[in-house]
>>> print(open('run-v2.csv').read())   # CSV, C-alpha atoms
chain,number,residue,atom,x,y,z
N,17,MET,CA,10.2,-15.3,-23.5
N,18,VAL,CA,9.1,-15.4,-19.9
N,19,ALA,CA,6.1,-17.3,-18.4
N,20,LYS,CA,4.1,-17.1,-15.2
N,21,GLY,CA,6.2,-18.4,-12.3
N,22,ASP,CA,9.6,-17.2,-13.8
N,23,MET,CA,12.0,-15.0,-11.8
N,24,VAL,CA,14.5,-12.8,-13.6
N,25,TYR,CA,16.9,-9.9,-13.2
N,26,ALA,CA,15.7,-7.1,-15.5
N,27,TRP,CA,17.0,-3.7,-16.4
N,28,SER,CA,16.3,-0.9,-18.9
N,29,THR,CA,18.2,-0.5,-22.2
N,30,ASP,CA,17.3,3.3,-22.1
N,31,ALA,CA,20.3,5.4,-20.8
N,32,ASP,CA,18.0,8.1,-19.4
N,33,ILE,CA,15.9,5.7,-17.5
N,34,LEU,CA,19.0,3.9,-16.3
N,35,ALA,CA,20.3,7.2,-14.9
N,36,LYS,CA,17.1,8.2,-13.1
N,37,GLY,CA,15.3,5.0,-12.3
N,38,GLU,CA,15.8,2.7,-9.3
N,39,CYS,CA,17.6,-0.6,-9.6
N,40,GLY,CA,18.1,-0.5,-13.4
N,41,GLY,CA,14.8,1.3,-14.2
N,42,ALA,CA,12.9,-1.9,-15.1
N,43,VAL,CA,9.6,-0.7,-13.6
N,44,THR,CA,9.7,2.6,-15.4
N,45,THR,CA,10.5,0.9,-18.7
N,46,LEU,CA,7.7,-1.6,-18.3
N,47,LEU,CA,5.2,1.2,-17.6
N,48,LYS,CA,6.5,3.1,-20.7
N,49,TYR,CA,6.4,0.1,-22.9
N,50,ALA,CA,2.8,-0.7,-21.8
N,51,LEU,CA,1.8,2.7,-22.9
N,52,GLU,CA,3.8,2.8,-26.1
N,53,SER,CA,2.6,-0.7,-27.2
N,54,GLY,CA,-1.1,0.2,-26.6
N,55,MET,CA,-1.5,-2.4,-23.9
N,56,VAL,CA,-2.9,0.4,-21.8
N,57,ASP,CA,-4.4,3.8,-22.3
N,58,ALA,CA,-2.6,5.5,-19.4
N,59,VAL,CA,-0.1,5.0,-16.6
N,60,PHE,CA,-1.1,6.0,-13.0
N,61,ALA,CA,2.0,6.7,-11.0
N,62,VAL,CA,3.5,8.9,-8.3
N,63,LYS,CA,6.0,11.6,-9.1
N,64,ARG,CA,8.0,14.0,-6.9
N,65,GLY,CA,6.4,17.3,-6.3
N,66,GLN,CA,8.1,20.3,-4.7
N,67,ASP,CA,10.5,18.1,-2.7
N,68,ILE,CA,11.0,14.5,-1.5
N,69,TYR,CA,8.2,14.9,1.0
N,70,ASP,CA,5.6,15.8,-1.7
N,71,ALA,CA,4.3,12.7,-3.5
N,72,VAL,CA,2.0,13.6,-6.4
N,73,PRO,CA,-0.3,11.0,-8.0
N,74,THR,CA,-0.3,11.5,-11.8
N,75,LEU,CA,-2.2,10.1,-14.8
N,76,ILE,CA,0.2,9.9,-17.7
N,77,THR,CA,-0.8,9.3,-21.4
N,78,ASP,CA,2.4,10.4,-23.1
N,79,PRO,CA,5.1,7.7,-22.9
N,80,ALA,CA,7.8,10.4,-22.8
N,81,GLU,CA,6.5,11.6,-19.5
N,82,VAL,CA,6.7,8.3,-17.7
N,83,ILE,CA,10.3,9.0,-16.7
N,84,GLU,CA,9.1,11.8,-14.5
N,85,ALA,CA,7.7,9.2,-12.1
N,86,ALA,CA,11.0,7.2,-12.0
N,87,GLY,CA,12.6,6.6,-8.6
N,88,SER,CA,11.1,5.9,-5.2
N,89,LEU,CA,9.6,8.2,-2.6
N,90,HIS,CA,9.6,6.5,0.8
N,91,THR,CA,8.2,9.7,2.4
N,92,GLY,CA,5.2,9.6,0.1
N,93,THR,CA,2.3,7.8,1.9
N,94,LEU,CA,-0.5,7.8,-0.7
N,95,LEU,CA,-2.8,4.9,-1.2
N,96,LEU,CA,-3.4,4.6,-4.9
N,97,SER,CA,-6.2,2.1,-4.8
N,98,LYS,CA,-8.7,4.5,-3.4
N,99,LEU,CA,-7.7,7.1,-6.0
N,100,PHE,CA,-8.7,4.6,-8.7
N,101,LYS,CA,-12.2,4.8,-7.4
N,102,LYS,CA,-12.3,8.5,-6.7
N,103,TRP,CA,-10.6,9.9,-9.8
N,104,LEU,CA,-10.5,7.2,-12.4
N,105,ASN,CA,-13.9,5.6,-12.3
N,106,GLY,CA,-12.4,2.4,-11.1
N,107,ALA,CA,-10.7,1.8,-14.5
N,108,LYS,CA,-14.1,0.8,-15.9
N,109,ASP,CA,-13.6,2.8,-19.1
N,110,MET,CA,-9.8,3.0,-19.3
N,111,ARG,CA,-6.9,0.5,-19.3
N,112,ILE,CA,-4.3,1.5,-16.8
N,113,ALA,CA,-0.8,0.3,-15.8
N,114,VAL,CA,0.2,1.2,-12.2
N,115,PRO,CA,3.1,0.5,-9.8
N,116,LEU,CA,1.7,-0.5,-6.4
N,117,LYS,CA,3.2,-1.3,-3.0
N,118,GLY,CA,1.6,-4.2,-1.0
N,119,CYS,CA,-1.2,-2.2,0.7
N,120,ASP,CA,-2.1,-0.6,-2.6
N,121,VAL,CA,-2.5,-4.1,-4.2
N,122,MET,CA,-4.6,-5.3,-1.3
N,123,GLY,CA,-6.8,-2.2,-1.6
N,124,MET,CA,-7.3,-2.9,-5.3
N,125,TYR,CA,-8.6,-6.4,-4.6
N,126,GLU,CA,-10.9,-5.3,-1.8
N,127,LEU,CA,-12.4,-2.5,-4.0
N,128,ALA,CA,-12.7,-4.9,-6.9
N,129,LYS,CA,-14.7,-7.3,-4.7
N,130,ARG,CA,-17.0,-4.4,-4.0
N,131,GLN,CA,-17.3,-3.8,-7.8
N,132,GLN,CA,-15.6,-0.4,-7.5
N,133,ILE,CA,-12.6,-1.3,-9.7
N,134,ASN,CA,-12.4,-3.4,-12.9
N,135,LEU,CA,-9.1,-5.4,-12.5
N,136,ASP,CA,-9.4,-6.7,-16.1
N,137,ASN,CA,-8.4,-3.2,-17.2
N,138,VAL,CA,-5.5,-2.9,-14.8
N,139,ILE,CA,-1.9,-4.1,-15.1
N,140,MET,CA,-0.5,-4.1,-11.5
N,141,ILE,CA,3.2,-3.9,-11.1
N,142,GLY,CA,3.8,-4.8,-7.4
N,143,LEU,CA,6.7,-3.2,-5.6
N,144,ASN,CA,8.7,-4.8,-2.7
N,145,CYS,CA,8.1,-2.5,0.2
N,146,GLY,CA,9.8,-2.3,3.6
N,147,GLY,CA,7.7,0.6,4.6
N,148,THR,CA,7.1,4.3,4.2
N,149,VAL,CA,7.8,7.3,6.5
N,150,SER,CA,5.3,10.1,7.1
N,151,PRO,CA,6.4,13.4,5.5
N,152,VAL,CA,6.0,15.2,8.9
N,153,THR,CA,8.0,12.5,10.7
N,154,ALA,CA,10.6,12.4,8.0
N,155,ARG,CA,11.3,16.1,8.3
N,156,LYS,CA,11.5,16.0,12.1
N,157,MET,CA,13.7,12.9,12.0
N,158,ILE,CA,16.1,14.3,9.5
N,159,LYS,CA,16.4,17.5,11.5
N,160,GLU,CA,16.7,16.0,14.9
N,161,LYS,CA,18.5,12.7,14.4
N,162,PHE,CA,20.5,13.3,11.2
N,163,GLU,CA,21.2,17.0,12.1
N,164,ILE,CA,20.6,18.0,8.5
N,165,ASP,CA,18.3,20.6,7.2
N,166,PRO,CA,15.3,18.7,5.7
N,167,ASP,CA,15.2,21.1,2.8
N,168,ASN,CA,18.7,20.2,1.8
N,169,VAL,CA,17.9,16.6,1.3
N,170,VAL,CA,17.4,15.6,-2.4
N,171,LYS,CA,17.1,11.9,-2.1
N,172,GLU,CA,16.3,9.2,0.6
N,173,GLU,CA,16.4,5.5,0.5
N,174,ILE,CA,15.9,2.5,2.8
N,175,ASP,CA,18.7,-0.1,2.3
N,176,LYS,CA,20.3,-2.8,4.4
N,177,GLY,CA,18.3,-1.8,7.5
N,178,GLN,CA,19.2,1.9,7.3
N,179,PHE,CA,17.3,5.0,6.4
N,180,ILE,CA,19.8,7.0,4.2
N,181,VAL,CA,19.6,10.6,3.1
N,182,ILE,CA,21.6,12.3,0.4
N,183,THR,CA,22.0,16.1,0.5
N,184,LYS,CA,22.4,18.7,-2.3
N,185,ASP,CA,26.2,18.7,-1.9
N,186,GLY,CA,26.4,14.9,-2.1
N,187,GLU,CA,26.6,14.1,1.6
N,188,HIS,CA,25.4,10.5,2.4
N,189,LYS,CA,24.3,9.7,6.0
N,190,GLY,CA,22.5,6.6,7.2
N,191,ILE,CA,21.1,5.6,10.6
N,192,LYS,CA,19.8,2.1,11.5
N,193,MET,CA,16.1,1.9,11.2
N,194,ASP,CA,15.8,-0.1,14.4
N,195,ASP,CA,17.5,2.7,16.3
N,196,LEU,CA,15.3,5.3,14.8
N,197,GLU,CA,12.1,3.4,15.5
N,198,ASP,CA,13.0,2.6,19.1
N,199,GLU,CA,13.1,6.4,19.6
N,200,GLY,CA,9.7,7.0,17.9
N,201,TYR,CA,10.9,7.9,14.4
N,202,GLY,CA,11.2,5.7,11.3
N,203,ARG,CA,8.4,4.0,9.4
N,204,ARG,CA,4.7,4.5,9.9
N,205,ALA,CA,3.3,2.2,12.6
N,206,ASN,CA,1.1,0.3,10.1
N,207,CYS,CA,4.2,-0.3,7.9
N,208,ARG,CA,6.0,-1.8,10.8
N,209,ARG,CA,3.2,-4.3,11.3
N,210,CYS,CA,2.8,-5.1,7.6
N,211,LYS,CA,3.4,-8.6,6.3
N,212,MET,CA,2.6,-7.9,2.7
N,213,LYS,CA,6.2,-7.2,1.7
N,214,ILE,CA,6.3,-8.8,-1.8
N,215,PRO,CA,2.8,-8.4,-3.4
N,216,ARG,CA,2.7,-11.5,-5.5
N,217,GLN,CA,-1.1,-11.0,-6.2
N,218,ALA,CA,0.0,-8.3,-8.6
N,219,ASP,CA,0.8,-9.2,-12.2
N,220,LEU,CA,4.6,-8.7,-11.6
N,221,ALA,CA,6.4,-8.3,-8.3
N,222,CYS,CA,9.5,-6.1,-8.5
N,223,GLY,CA,12.2,-4.9,-6.2
N,224,ASN,CA,15.9,-5.1,-5.3
N,225,TRP,CA,15.7,-7.9,-2.7
N,226,GLY,CA,17.9,-10.7,-4.1
N,227,VAL,CA,19.9,-8.7,-6.6
N,228,ILE,CA,23.5,-9.5,-5.8
N,229,GLY,CA,27.0,-9.3,-7.4
N,230,GLU,CA,27.7,-7.0,-10.2
N,231,LYS,CA,24.0,-6.4,-10.8
N,232,ALA,CA,23.3,-5.1,-7.3
N,233,GLY,CA,21.8,-1.6,-7.7
N,234,LYS,CA,21.7,-2.0,-11.4
N,235,ALA,CA,18.9,-4.5,-12.0
N,236,THR,CA,15.4,-5.3,-10.6
N,237,PHE,CA,14.4,-8.7,-9.4
N,238,VAL,CA,11.1,-9.5,-11.1
N,239,GLU,CA,8.7,-12.3,-10.2
N,240,VAL,CA,6.2,-13.1,-13.0
N,241,CYS,CA,2.9,-13.7,-11.2
N,242,SER,CA,0.2,-13.8,-13.9
N,243,GLU,CA,-0.2,-14.3,-17.7
N,244,LYS,CA,-0.8,-10.6,-18.0
N,245,GLY,CA,2.5,-9.9,-16.3
N,246,ALA,CA,4.2,-12.4,-18.5
N,247,ASN,CA,2.9,-10.8,-21.6
N,248,LEU,CA,4.0,-7.4,-20.5
N,249,LEU,CA,7.6,-8.4,-19.7
N,250,SER,CA,7.9,-10.7,-22.8
N,251,GLY,CA,6.7,-7.8,-25.0
N,252,ALA,CA,9.2,-5.4,-23.5
N,253,VAL,CA,12.0,-7.9,-23.9
N,254,LYS,CA,11.1,-8.6,-27.5
N,255,ALA,CA,10.9,-4.9,-28.3
N,256,GLY,CA,14.5,-4.5,-26.9
N,257,ALA,CA,13.3,-2.1,-24.1
N,258,ILE,CA,14.3,-4.5,-21.3
N,259,ALA,CA,17.2,-6.9,-20.9
N,260,THR,CA,17.0,-9.9,-18.6
N,261,GLU,CA,19.1,-12.7,-17.1
N,262,ALA,CA,18.3,-15.5,-14.7
N,263,PRO,CA,19.3,-15.0,-11.0
N,264,ILE,CA,21.7,-17.5,-9.5
N,265,GLU,CA,20.6,-19.8,-6.7
N,266,LYS,CA,22.3,-17.7,-4.1
N,267,ALA,CA,20.2,-14.7,-5.1
N,268,LEU,CA,17.0,-16.7,-4.5
N,269,GLU,CA,18.3,-17.7,-1.1
N,270,ILE,CA,19.1,-14.1,-0.1
N,271,ARG,CA,15.8,-12.9,-1.4
N,272,GLY,CA,14.0,-15.4,0.8
N,273,LYS,CA,16.0,-14.6,3.8
N,274,THR,CA,15.3,-10.9,3.4
N,275,GLU,CA,11.6,-11.4,3.1
N,276,ASN,CA,11.5,-13.7,6.1
N,277,ALA,CA,13.4,-11.2,8.2
N,278,MET,CA,10.9,-8.5,7.3
N,279,LEU,CA,8.0,-10.8,8.1
N,280,LYS,CA,9.5,-11.6,11.5
N,281,LEU,CA,9.9,-7.9,12.1
N,282,GLY,CA,6.3,-7.4,11.3
N,283,ASP,CA,5.3,-10.1,13.8
N,284,LYS,CA,7.5,-8.4,16.5
N,285,TRP,CA,5.7,-5.0,16.0
N,286,ARG,CA,2.3,-6.7,15.9
N,287,ALA,CA,3.0,-8.3,19.3
N,288,ARG,CA,4.3,-5.0,20.7
N,289,ASP,CA,1.5,-2.8,19.3
N,290,PHE,CA,-1.4,-5.1,20.0
N,291,ALA,CA,-0.2,-5.8,23.6
N,292,SER,CA,-0.2,-2.0,24.2
N,293,LEU,CA,-4.0,-2.1,23.7
N,294,GLY,CA,-4.6,-4.5,26.5
N,295,GLU,CA,-7.5,-7.1,26.3
N,296,GLY,CA,-11.2,-7.3,26.8
N,297,SER,CA,-12.7,-4.4,28.7
N,298,ASP,CA,-9.3,-2.7,29.0
N,299,ARG,CA,-9.0,-2.6,25.3
N,300,LEU,CA,-12.5,-1.2,24.8
N,301,LYS,CA,-11.8,1.4,27.4
N,302,LYS,CA,-8.6,2.5,25.7
N,303,ILE,CA,-10.4,2.7,22.3
N,304,MET,CA,-13.2,4.7,23.8
N,305,GLU,CA,-10.8,7.1,25.5
N,306,ASP,CA,-8.7,7.7,22.3
N,307,THR,CA,-11.7,8.1,20.0
N,308,SER,CA,-13.2,10.7,22.4
N,309,ARG,CA,-10.8,13.2,20.7
N,310,CYS,CA,-12.6,12.7,17.3
N,311,ILE,CA,-13.9,15.9,15.6
N,312,LYS,CA,-15.8,13.9,13.0
N,313,CYS,CA,-13.8,15.3,10.1
N,314,TYR,CA,-14.5,12.1,8.1
N,315,GLN,CA,-10.9,11.8,6.8
N,316,CYS,CA,-10.8,8.2,8.1
N,317,ILE,CA,-13.9,7.4,6.0
N,318,GLU,CA,-13.0,9.4,2.9
N,319,ASN,CA,-9.6,7.8,2.6
N,320,CYS,CA,-10.4,4.2,3.6
N,321,PRO,CA,-10.4,1.7,0.6
N,322,ILE,CA,-13.0,-0.4,2.4
N,323,CYS,CA,-15.4,2.6,2.9
N,324,TYR,CA,-17.1,2.6,-0.4
N,325,CYS,CA,-20.8,3.1,0.5
N,326,VAL,CA,-22.7,6.0,-1.2
N,327,GLU,CA,-25.0,6.2,1.8
N,328,CYS,CA,-22.7,6.2,4.8
N,329,SER,CA,-24.4,4.7,7.9
N,330,THR,CA,-22.5,7.1,10.1
N,331,LYS,CA,-24.6,9.9,8.6
N,332,LYS,CA,-27.9,8.3,9.5
N,333,PRO,CA,-29.5,10.4,12.4
N,334,TYR,CA,-31.2,7.3,13.9
N,335,LEU,CA,-27.7,5.7,14.3
N,336,VAL,CA,-25.5,8.6,15.1
N,337,GLU,CA,-26.9,11.7,16.6
N,338,PRO,CA,-26.0,14.6,14.3
N,339,GLY,CA,-24.3,17.8,15.5
N,340,LYS,CA,-22.3,16.3,18.4
N,341,VAL,CA,-18.5,16.6,18.6
N,342,PRO,CA,-17.0,14.3,19.6
N,343,PRO,CA,-19.6,12.0,18.0
N,344,PRO,CA,-21.2,9.2,20.0
N,345,PHE,CA,-19.1,6.0,20.2
N,346,MET,CA,-21.6,4.4,17.8
N,347,PHE,CA,-19.8,6.4,15.0
N,348,HIS,CA,-16.7,4.3,15.5
N,349,LEU,CA,-18.6,1.1,16.2
N,350,ILE,CA,-20.2,1.4,12.7
N,351,ARG,CA,-16.8,1.7,11.1
N,352,PHE,CA,-15.4,-1.2,13.1
N,353,ALA,CA,-18.4,-3.4,12.0
N,354,HIS,CA,-18.2,-2.4,8.4
N,355,ILE,CA,-14.4,-2.6,7.9
N,356,SER,CA,-12.7,-4.7,10.5
N,357,ASP,CA,-12.8,-8.0,8.7
N,358,SER,CA,-11.4,-6.5,5.5
N,359,CYS,CA,-8.9,-3.9,6.9
N,360,ILE,CA,-5.7,-4.0,4.8
N,361,ASN,CA,-3.6,-2.0,7.4
N,362,CYS,CA,-2.9,0.8,4.9
N,363,GLY,CA,-2.8,3.3,7.7
N,364,GLN,CA,-4.7,6.1,5.9
N,365,CYS,CA,-7.2,6.4,8.7
N,366,GLN,CA,-4.4,7.1,11.1
N,367,GLU,CA,-2.1,9.0,8.8
N,368,LEU,CA,-4.8,11.6,8.0
N,369,CYS,CA,-6.5,11.9,11.4
N,370,ALA,CA,-6.6,15.5,12.5
N,371,MET,CA,-6.5,14.4,16.2
N,372,ASP,CA,-3.8,11.7,15.9
N,373,ILE,CA,-6.1,8.9,16.9
N,374,PRO,CA,-4.4,5.5,16.3
N,375,ASN,CA,-7.3,4.3,14.2
N,376,ALA,CA,-5.2,1.9,12.1
N,377,LEU,CA,-4.0,0.2,15.2
N,378,PHE,CA,-7.5,-0.4,16.5
N,379,MET,CA,-8.8,-1.6,13.1
N,380,HIS,CA,-5.8,-3.8,12.4
N,381,ALA,CA,-6.0,-5.5,15.8
N,382,LEU,CA,-9.6,-6.4,15.1
N,383,GLN,CA,-8.8,-7.6,11.6
N,384,VAL,CA,-6.1,-10.0,12.9
N,385,GLU,CA,-8.4,-11.4,15.5
N,386,LEU,CA,-11.2,-12.0,12.9
N,387,GLU,CA,-8.7,-13.6,10.6
N,388,LYS,CA,-7.8,-16.1,13.3
N,389,MET,CA,-11.5,-16.8,13.9
N,390,PHE,CA,-12.7,-17.1,10.3
N,391,GLY,CA,-9.5,-17.6,8.2
N,392,PHE,CA,-10.4,-14.8,5.8
N,393,LYS,CA,-7.3,-12.7,4.8
N,394,PRO,CA,-8.1,-9.5,3.0
N,395,GLY,CA,-6.5,-8.2,-0.2
N,396,VAL,CA,-4.9,-11.4,-1.5
N,397,ASN,CA,-7.5,-12.8,-3.9
N,398,MET,CA,-11.1,-12.3,-4.9
N,399,ASP,CA,-12.6,-14.4,-2.0
N,400,LEU,CA,-15.5,-12.5,-0.5
N,401,PRO,CA,-15.2,-11.1,3.1
N,402,VAL,CA,-17.0,-12.9,5.9
N,403,LEU,CA,-19.0,-10.0,7.3
N,404,ALA,CA,-18.6,-6.9,5.1
N,405,LEU,CA,-21.3,-5.6,2.7
N,406,VAL,CA,-20.2,-6.3,-0.8
N,407,GLU,CA,-22.9,-5.1,-3.1
N,408,GLU,CA,-24.4,-2.0,-1.6
N,409,PRO,CA,-27.5,-1.5,-3.8
N,410,THR,CA,-28.5,-5.2,-3.5
N,411,GLU,CA,-27.8,-5.2,0.3
N,412,ARG,CA,-29.8,-2.1,0.9
N,413,GLU,CA,-32.7,-3.5,-1.0
N,414,ARG,CA,-32.5,-6.7,1.1
N,415,LEU,CA,-32.3,-4.7,4.3
N,416,ALA,CA,-35.4,-2.6,3.3
N,417,ALA,CA,-37.3,-5.8,2.4
N,418,THR,CA,-36.4,-7.8,5.5
N,419,GLY,CA,-35.5,-5.3,8.1
N,420,SER,CA,-32.6,-7.5,9.1
N,421,ASP,CA,-28.9,-6.6,9.2
N,422,GLN,CA,-27.8,-10.2,9.5
N,423,ILE,CA,-25.8,-11.2,6.4
N,424,PHE,CA,-24.8,-14.7,7.5
N,425,ASN,CA,-25.9,-16.6,10.6
N,426,ILE,CA,-22.3,-17.5,11.6
N,427,PHE,CA,-23.4,-18.7,15.0
N,428,GLN,CA,-25.5,-21.6,13.8
N,429,SER,CA,-24.3,-25.0,15.1
>>> encode(input="run-v2.csv", output="structure tokens")
Amino acid sequence: MVAKGDMVYAWSTDADILAKGECGGAVTTLLKYALESGMVDAVFAVKRGQDIYDAVPTLITDPAEVIEAAGSLHTGTLLLSKLFKKWLNGAKDMRIAVPLKGCDVMGMYELAKRQQINLDNVIMIGLNCGGTVSPVTARKMIKEKFEIDPDNVVKEEIDKGQFIVITKDGEHKGIKMDDLEDEGYGRRANCRRCKMKIPRQADLACGNWGVIGEKAGKATFVEVCSEKGANLLSGAVKAGAIATEAPIEKALEIRGKTENAMLKLGDKWRARDFASLGEGSDRLKKIMEDTSRCIKCYQCIENCPICYCVECSTKKPYLVEPGKVPPPFMFHLIRFAHISDSCINCGQCQELCAMDIPNALFMHALQVELEKMFGFKPGVNMDLPVLALVEEPTERERLAATGSDQIFNIFQS
């Protein structure tokens, strides 16, 4: 049996899952076992829709249907944590197992702090993530750089620093991600800056980094990060659904080198992106210029995992004059004030912006500066944020009683 802190290679014993799943199908099997065993009431996962550019969030209650979500979709850019709140009542009345990339897990923690998700009812299977590609960018990139009809692509993958596509007739073609990104293609900007590559704050952390030798491509590297994760994996092994073996020392070394290389790449992109903003008044001027394109469609607010308030301050007429497009800059200042210390760099505010405003870049740059100042890192544990409102009803009652918006007097000597 496995215990918290263990690292194993794992693969499915189900032939169908082995054929369809990624890296031995361990994640799919764990999700299926969690549902079959009664550990959870449902599985919340992403399955392919009409094509590889169409990621569909799906709630599954029949174990036989879990296989439909097997495999990866790097061109699916959903954030599942916000959907827990919007669709699933924050798992407050249902036990759910869910596979999550790094920003998903960070969002789960931040929403849990705000009492929007009950993590006691959630089994989080973290997924190693090197980044995702916008569906629009992916189609353009495949057409222009790969010189392949995007509709003929049936599978894509990111492996060994390449973006690889596979066509209906079996053609494989890969191009170095660095080359693609230098020309404006490749991963989303927030993914390039991300340093949450192995989400160990989940119950299990799974991926292919560190799987070498004859098991390469046929097994998943699993880190057991909690007692809940240990119970799930142990149960699946005992039931015969999962087979495991210990990784060799060389595998651990390669896994560490891969992760470190990805973290250094994240630092490189942070330096490049943040430098493009300038500093001080120049940065403020750029942000004001770019946000002047805003049409107040509210997609940035609707899809942000940190925006949870029932009564949004941006809709208060005494704060933001209604009926004006673009809205006054106060609209954006309110968002910065409410979110910047807890931004998880998920990119949704930029991905879904109708006017292509680099909202995620602005917010992430602020978050990194606040992290340097206060030491608070969002999304890694249940520590409360420094500045953000955490309990909306309590906070609004306090505001009404005192008339003060000062939560902590951080400037006291």
>>> residues_near_point(input="run-v2.csv", point="(-4.0, -1.4, -16.4)", cutoff="7 Å", atoms="all atoms listed in the file", output="PyMOL selection string")
chain N and resi 56+111-114+137-140
>>> closest_residue(input="run-v2.csv", among="N:Asp175, N:Val227, N:Lys192, N:Leu220", to="Ser250 of chain N", atoms="only C-alpha atoms")
N:Leu220
>>> closest_residue(input="run-v2.csv", among="N:Gly294, N:Gly21, N:Pro374, N:Pro321", to="Glu126 of chain N", atoms="all atoms listed in the file")
N:Pro321
>>> closest_residue(input="run-v2.csv", among="N:Gln131, N:Thr45, N:Gln178, N:Asn276", to="Lys211 of chain N", atoms="only C-alpha atoms")
N:Asn276
>>> closest_residue(input="run-v2.csv", among="N:Trp285, N:Lys312, N:Lys234, N:Ala370", to="Asp198 of chain N", atoms="all atoms listed in the file")
N:Trp285
>>> residues_around(input="run-v2.csv", residues="Asn134 of chain N", least_positions_apart="5", cutoff="10 Å", atoms="all atoms listed in the file", output="PDB file with C-alpha atoms, keeping the file's coordinate frame")
ATOM      1  CA  PHE N 100      -8.700   4.600  -8.700  1.00  0.00           C
ATOM      2  CA  LYS N 101     -12.200   4.800  -7.400  1.00  0.00           C
ATOM      3  CA  ASN N 105     -13.900   5.600 -12.300  1.00  0.00           C
ATOM      4  CA  GLY N 106     -12.400   2.400 -11.100  1.00  0.00           C
ATOM      5  CA  ALA N 107     -10.700   1.800 -14.500  1.00  0.00           C
ATOM      6  CA  LYS N 108     -14.100   0.800 -15.900  1.00  0.00           C
ATOM      7  CA  ASP N 109     -13.600   2.800 -19.100  1.00  0.00           C
ATOM      8  CA  MET N 110      -9.800   3.000 -19.300  1.00  0.00           C
ATOM      9  CA  ARG N 111      -6.900   0.500 -19.300  1.00  0.00           C
ATOM     10  CA  MET N 124      -7.300  -2.900  -5.300  1.00  0.00           C
ATOM     11  CA  TYR N 125      -8.600  -6.400  -4.600  1.00  0.00           C
ATOM     12  CA  LEU N 127     -12.400  -2.500  -4.000  1.00  0.00           C
ATOM     13  CA  ALA N 128     -12.700  -4.900  -6.900  1.00  0.00           C
ATOM     14  CA  LYS N 129     -14.700  -7.300  -4.700  1.00  0.00           C
TER      15      LYS N 129
END
>>> closest_residue(input="run-v2.csv", among="N:Ile158, N:Thr183, N:Arg309, N:Gln217", to="Lys244 of chain N", atoms="only C-alpha atoms")
N:Gln217
>>> closest_residue(input="run-v2.csv", among="N:Val326, N:Phe390, N:Ala262, N:Thr148", to="Arg204 of chain N", atoms="all atoms listed in the file")
N:Thr148
>>> atom_distance(input="run-v2.csv", atom1="atom CA of Asp219 of chain N", atom2="atom CA of Trp27 of chain N")
17.6 Å
>>> atom_distance(input="run-v2.csv", atom1="atom CA of Glu84 of chain N", atom2="atom CA of Gly40 of chain N")
15.3 Å
>>> residues_around(input="run-v2.csv", residues="Thr307 of chain N", least_positions_apart="6", cutoff="8 Å", atoms="all atoms listed in the file", output="JSON, numbers by chain")
{"N": [345, 348, 373]}
>>> atom_distance(input="run-v2.csv", atom1="atom CA of Ile141 of chain N", atom2="atom CA of Met23 of chain N")
14.2 Å
>>> residues_around(input="run-v2.csv", residues="Leu300 of chain N", least_positions_apart="3", cutoff="12 Å", atoms="only C-alpha atoms", output="ChimeraX atom specification")
/N:293-297,303-307,345,348-349,378,381-382
>>> write_last_selection(input="run-v2.csv", atoms="C-alpha atoms", output="PDB file, keeping the file's coordinate frame")
ATOM      1  CA  LEU N 293      -4.000  -2.100  23.700  1.00  0.00           C
ATOM      2  CA  GLY N 294      -4.600  -4.500  26.500  1.00  0.00           C
ATOM      3  CA  GLU N 295      -7.500  -7.100  26.300  1.00  0.00           C
ATOM      4  CA  GLY N 296     -11.200  -7.300  26.800  1.00  0.00           C
ATOM      5  CA  SER N 297     -12.700  -4.400  28.700  1.00  0.00           C
ATOM      6  CA  ILE N 303     -10.400   2.700  22.300  1.00  0.00           C
ATOM      7  CA  MET N 304     -13.200   4.700  23.800  1.00  0.00           C
ATOM      8  CA  GLU N 305     -10.800   7.100  25.500  1.00  0.00           C
ATOM      9  CA  ASP N 306      -8.700   7.700  22.300  1.00  0.00           C
ATOM     10  CA  THR N 307     -11.700   8.100  20.000  1.00  0.00           C
ATOM     11  CA  PHE N 345     -19.100   6.000  20.200  1.00  0.00           C
ATOM     12  CA  HIS N 348     -16.700   4.300  15.500  1.00  0.00           C
ATOM     13  CA  LEU N 349     -18.600   1.100  16.200  1.00  0.00           C
ATOM     14  CA  PHE N 378      -7.500  -0.400  16.500  1.00  0.00           C
ATOM     15  CA  ALA N 381      -6.000  -5.500  15.800  1.00  0.00           C
ATOM     16  CA  LEU N 382      -9.600  -6.400  15.100  1.00  0.00           C
TER      17      LEU N 382
END
>>> residues_around(input="run-v2.csv", residues="Trp225 of chain N", least_positions_apart="5", cutoff="8 Å", atoms="all atoms listed in the file", output="list of chain:residue names")
N:Asn144, N:Phe237, N:Ile270, N:Arg271, N:Thr274, N:Glu275
>>> residues_around(input="run-v2.csv", residues="Leu95 of chain N", least_positions_apart="3", cutoff="8 Å", atoms="all atoms listed in the file", output="number ranges by chain")
N: 98-99, 119-120, 362, 364
>>> residues_near_point(input="run-v2.csv", point="(10.3, -3.3, -27.0)", cutoff="12 Å", atoms="all atoms listed in the file", output="ChimeraX atom specification")
/N:28-30,45-54,247-259
>>> decode(input="run-v2.csv", residues="segment 51-60 of chain N", atoms="C-alpha atoms", output="JSON list (two decimals), in the first residue's frame")
[["chain", "number", "residue", "atom", "x", "y", "z"],
["N", 51, "LEU", "CA", -16.77, 6.50, -8.55],
["N", 52, "GLU", "CA", -17.13, 2.70, -8.55],
["N", 53, "SER", "CA", -15.98, 2.38, -4.95],
["N", 54, "GLY", "CA", -18.36, 5.03, -3.65],
["N", 55, "MET", "CA", -15.56, 7.35, -2.54],
["N", 56, "VAL", "CA", -17.29, 10.05, -4.60],
["N", 57, "ASP", "CA", -20.72, 10.69, -6.05],
["N", 58, "ALA", "CA", -19.44, 12.08, -9.34],
["N", 59, "VAL", "CA", -16.41, 12.83, -11.48],
["N", 60, "PHE", "CA", -16.00, 16.29, -12.97]]
